[in-house]
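J.: Sharing a structure below in structure tokens format, with a few things to ask.
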There are 2 protein chains.
Amino acid sequence: MLPRKSVLNIKPYKPGKPIEEVKRELRLKDVIKLASNENPFGPSPKVVSAIKKSLQNINRYPESSCFYLRQALAKKLKVKENQLVFGNGSDELIILALRAFVSEGDEVIVAYPTFLIYELAAQIQGARIKKVPARYFKYDLKAMKREVTGKTKIVFIANPDNPNGTYVTKVELEMFLNGLPEQAMVFIDEAYFDYVEERDYPNGLDYISKRVIVTRSFSKSYGLAGLRIGYGVSSPEIIKYMEAVREPFNVNSIAQAAAIAALKDKKFLLKTKRMTSAGRKFFYSEFKKMGLRYIPSVTNFVVFEVGKDASLVCKKLLKKGVIVRDMKAWGMDTFIRVTVGTEKENKRFIKELKRIIV
Amino acid sequence: MLPRKSVLNIKPYKPGKPIEEVKRELRLKDVIKLASNENPFGPSPKVVSAIKKSLQNINRYPESSCFYLRQALAKKLKVKENQLVFGNGSDELIILALRAFVSEGDEVIVAYPTFLIYELAAQIQGARIKKVPARYFKYDLKAMKREVTGKTKIVFIANPDNPNGTYVTKVELEMFLNGLPEQAMVFIDEAYFDYVEERDYPNGLDYISKRVIVTRSFSKSYGLAGLRIGYGVSSPEIIKYMEAVREPFNVNSIAQAAAIAALKDKKFLLKTKRMTSAGRKFFYSEFKKMGLRYIPSVTNFVVFEVGKDASLVCKKLLKKGVIVRDMKAWGMDTFIRVTVGTEKENKRFIKELKRIIV
């Protein structure tokens, strides 16, 4: 069987290695993972206890509409219930937007580098992809706007961006949106929203409209990556079409119960933000001491430059039980991305890095 | 924003009402659901305890490849690990097959009536859909084969079928596959495989090839509908292309842990099969007493005819706290589908049905 033309040359996404896999392969006992921008402080005990209560019903299909979660989230975000769509991770919302709005041959605009799934999913959908290079590790929205044509269906904006950890400002976003051709949807991915402390960072919800959608995730700041749940907020019209292409039971019932509990646990979120901010600063000061350049980040990860083939450094770290991510997949061969871990994990990473580099 | 042409007229799938929803809307306390072919005996206590052990890691992304589950299942089914693909419910495997192999304008063949998602998902993909009526409530494979042309990319065969509860035999399947044009993929959906006791029922795994895929689910006989996990078995080539269009973290980590435990719990599966078979026979004998026609079923549900507008009967049952499914969505206006429940639930359903009908 031959697949669709657009599928023939897909190179599947390579996720960060799971801890279990590294333990298996390298026969290591004590492995830490600072590779996938996960929350090292989670899960919240309140979430775990909510899940335990929901286990007796896993033989039943989940609520198709995420009924209770939808109510809770609409209230929290001050939007209407028909302005929300839920996904099997916010990854799935990317697919839903493409399935709803992009036909074969339509144009999609992405930055380079950025979250790889935008390009991969658009390629699968059969879109023509325009890649716009970042400038000084930041989205170049002016250049991206110049690429918009009458055939452009979606522009993806990760704000903040992964892997660079930078963000676009209110002014930049407003200038971008102003006068943009009508048929182009703007997909603002705010997976790392909760980590940002900067005042000129735009809250995407202030810009939702008939053509702007904002997505967020429970995987990062809420610590629920394993359960797969994220959501999109937009106008009822956009949501209606994304709902039309959604599988009826795409969000499992455990994730729904966990997300409701997670929204209530403000302490956990605050702790996560505080510890992440402290960990970032610790990395910065250690990188400076080692003479390593880094990209200032507003997220729970930091990209730094090792001045030589980064994948070799990553391999050496791996042998010591520390998983981080080289940036080869993004064409940044001398860079490494490290996720903020617990205080202990951060120190161990720096200690091992010093041994290898200095 | 206008969606893709194929999305404009989608009528979203309407799932059976969840118990909680009926309780909310009708202010009822004691509601039973025999509407979605769920497993009323689940979840297995062994599964629940395996899930509890896995909860501490839900802040980490799931294993993208379902590593341990893949090993366990390959061993059980006696296939190679690269012959398996896992989905967010077996629903997702339908989408993956369409995304991998069907371009806009390609042909897809489905029966009518059958599981509604085949048609819905194919419509979203932009396929031309040929619907072939069932004969005497059974798939008419001869007629379906006659519809296959050089443009046919997938033929969907639910075996056993939902909603009719009937199956195609070994001989029928072999005659269908024999001499079928090369480019047409045959998608055999065996979601209800475990319930079938008939000797002439073909085990799809005996027919997997470069163009035949078999899918199964943990939602029914294993009682894990809420967690969303199913799998496909085919040749490594077919699997490779479906993996290429799969989201990297489509199966949550709880579902993976639960499925591994479920595979080991043979007692639970045996109990489920035994009780389901007994429940089916109880329904048959009660329908006979009431003079109601029914379609003999090899699954955990039975379709029967009430001789008048079935949706009215369903509404009356609903008011009594019994959720079943009228067959309007399939154009069978005088029929109802009821899922086998626990002994107590089955009796309550029959009691309420008698009050309404007799």
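Just so we're on the same page: first chain in the structure tokens is A, next is B, and so on; residues restart at 1 for each chain, and ligands are numbered from 1 in the order they show up.
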Using only C-alpha atoms, which protein or nucleic acid residues come within 8 Å of region 29-44 of chain B? Drop anything in the same chain fewer than 4 positions from it, and give the result as number ranges by chain.

T.: A: 56-61; B: 15-19, 22-23, 48, 219-225, 262, 265, 268, 272, 300-301, 320-325, 337-342, 345

J.: Taking the chain letters and numbering used in this document, name the residues of region 181-215 of chain A that DSSP puts in strand (DSSP E or B), as a ChimeraX atom specification.

T.: /A:185-189,212-215

J.: If you measure from CA of Pro62 (chain A) to CA of Ser65 (chain B), what distance in Å do you get, rounded to one decimal?

T.: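 The value is 23.6 Å.
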
J.: Would you please extract all alpha helix (DSSP H) residues from region 194-272 of chain B, as assigned by DSSP on the backbone, and give them as a tab-separated table (two decimals) with N, CA and C atoms, in the first residue's frame?

T.:
```
chain	number	residue	atom	x	y	z
B	236	PRO	N	4.40	-4.65	8.79
B	236	PRO	CA	5.26	-3.54	9.22
B	236	PRO	C	5.14	-2.32	8.30
B	237	GLU	N	4.87	-2.55	7.02
B	237	GLU	CA	4.79	-1.43	6.07
B	237	GLU	C	3.59	-0.53	6.36
B	238	ILE	N	2.43	-1.16	6.49
B	238	ILE	CA	1.22	-0.39	6.83
B	238	ILE	C	1.42	0.35	8.16
B	239	ILE	N	1.96	-0.38	9.12
B	239	ILE	CA	2.16	0.19	10.45
B	239	ILE	C	3.10	1.41	10.38
B	240	LYS	N	4.13	1.31	9.56
B	240	LYS	CA	5.10	2.40	9.44
B	240	LYS	C	4.40	3.71	9.02
B	241	TYR	N	3.51	3.61	8.05
B	241	TYR	CA	2.84	4.82	7.59
B	241	TYR	C	1.82	5.34	8.61
B	242	MET	N	1.19	4.44	9.33
B	242	MET	CA	0.27	4.92	10.36
B	242	MET	C	1.03	5.56	11.53
B	243	GLU	N	2.20	5.00	11.83
B	243	GLU	CA	3.05	5.62	12.86
B	243	GLU	C	3.49	7.02	12.41
B	244	ALA	N	3.71	7.17	11.12
B	244	ALA	CA	4.19	8.47	10.61
B	244	ALA	C	3.16	9.58	10.82
B	253	SER	N	-0.36	7.72	29.71
B	253	SER	CA	0.42	6.73	30.45
B	253	SER	C	-0.44	5.84	31.35
B	254	ILE	N	-1.56	6.37	31.83
B	254	ILE	CA	-2.47	5.55	32.65
B	254	ILE	C	-3.04	4.41	31.82
B	255	ALA	N	-3.44	4.74	30.60
B	255	ALA	CA	-4.01	3.72	29.71
B	255	ALA	C	-2.98	2.62	29.42
B	256	GLN	N	-1.73	3.02	29.25
B	256	GLN	CA	-0.69	2.02	28.98
B	256	GLN	C	-0.52	1.08	30.17
B	257	ALA	N	-0.44	1.66	31.37
B	257	ALA	CA	-0.29	0.83	32.57
B	257	ALA	C	-1.50	-0.07	32.77
B	258	ALA	N	-2.68	0.49	32.52
B	258	ALA	CA	-3.92	-0.26	32.72
B	258	ALA	C	-4.03	-1.41	31.72
B	259	ALA	N	-3.65	-1.17	30.49
B	259	ALA	CA	-3.77	-2.20	29.45
B	259	ALA	C	-2.84	-3.38	29.75
B	260	ILE	N	-1.64	-3.07	30.23
B	260	ILE	CA	-0.71	-4.16	30.57
B	260	ILE	C	-1.32	-5.03	31.67
B	261	ALA	N	-1.89	-4.39	32.68
B	261	ALA	CA	-2.51	-5.15	33.77
B	261	ALA	C	-3.74	-5.91	33.28
B	262	ALA	N	-4.49	-5.30	32.38
B	262	ALA	CA	-5.72	-5.93	31.88
B	262	ALA	C	-5.40	-7.21	31.10
B	263	LEU	N	-4.32	-7.17	30.32
B	263	LEU	CA	-3.94	-8.35	29.54
B	263	LEU	C	-3.65	-9.55	30.44
B	264	LYS	N	-3.15	-9.25	31.64
B	264	LYS	CA	-2.78	-10.34	32.56
B	264	LYS	C	-3.99	-10.93	33.30
B	266	LYS	N	-6.83	-12.68	33.29
B	266	LYS	CA	-7.67	-13.55	32.45
B	266	LYS	C	-9.02	-13.84	33.10
B	267	LYS	N	-9.03	-13.86	34.43
B	267	LYS	CA	-10.29	-14.14	35.13
B	267	LYS	C	-11.35	-13.11	34.81
B	268	PHE	N	-10.94	-11.84	34.80
B	268	PHE	CA	-11.89	-10.76	34.53
B	268	PHE	C	-12.50	-10.92	33.13
B	269	LEU	N	-11.65	-11.25	32.17
B	269	LEU	CA	-12.12	-11.41	30.79
B	269	LEU	C	-13.11	-12.58	30.70
B	270	LEU	N	-12.77	-13.69	31.37
B	270	LEU	CA	-13.65	-14.86	31.34
B	270	LEU	C	-15.00	-14.55	31.98
B	271	LYS	N	-14.96	-13.85	33.10
B	271	LYS	CA	-16.20	-13.48	33.78
B	271	LYS	C	-17.05	-12.61	32.85
B	272	THR	N	-16.41	-11.64	32.24
B	272	THR	CA	-17.10	-10.74	31.32
B	272	THR	C	-17.79	-11.53	30.19
```

J.: Restricting the calculation to only C-alpha atoms, which member of B:Ala278, B:Val245, B:Met1, B:Ile117 is positioned closest to Trp330 (chain B)?

T.: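 Closest candidate: B:Ile117.
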
J.: Neighbouring residues of Val102 (chain B) were defined as those with any atom within 8 Å, considering only C-alpha atoms; residues of the same chain fewer than 6 positions away were excluded. Please report them as a ChimeraX atom specification.

T.: /A:3-4 /B:125,127,153-154

J.: For CA of Ile129 (chain B) and CA of Asp106 (chain B), determine how far apart the two atoms are, in Å to one decimal place.

T.: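 CA of Asp106 (chain B) lies at a distance of 8.5 Å from CA of Ile129 (chain B).
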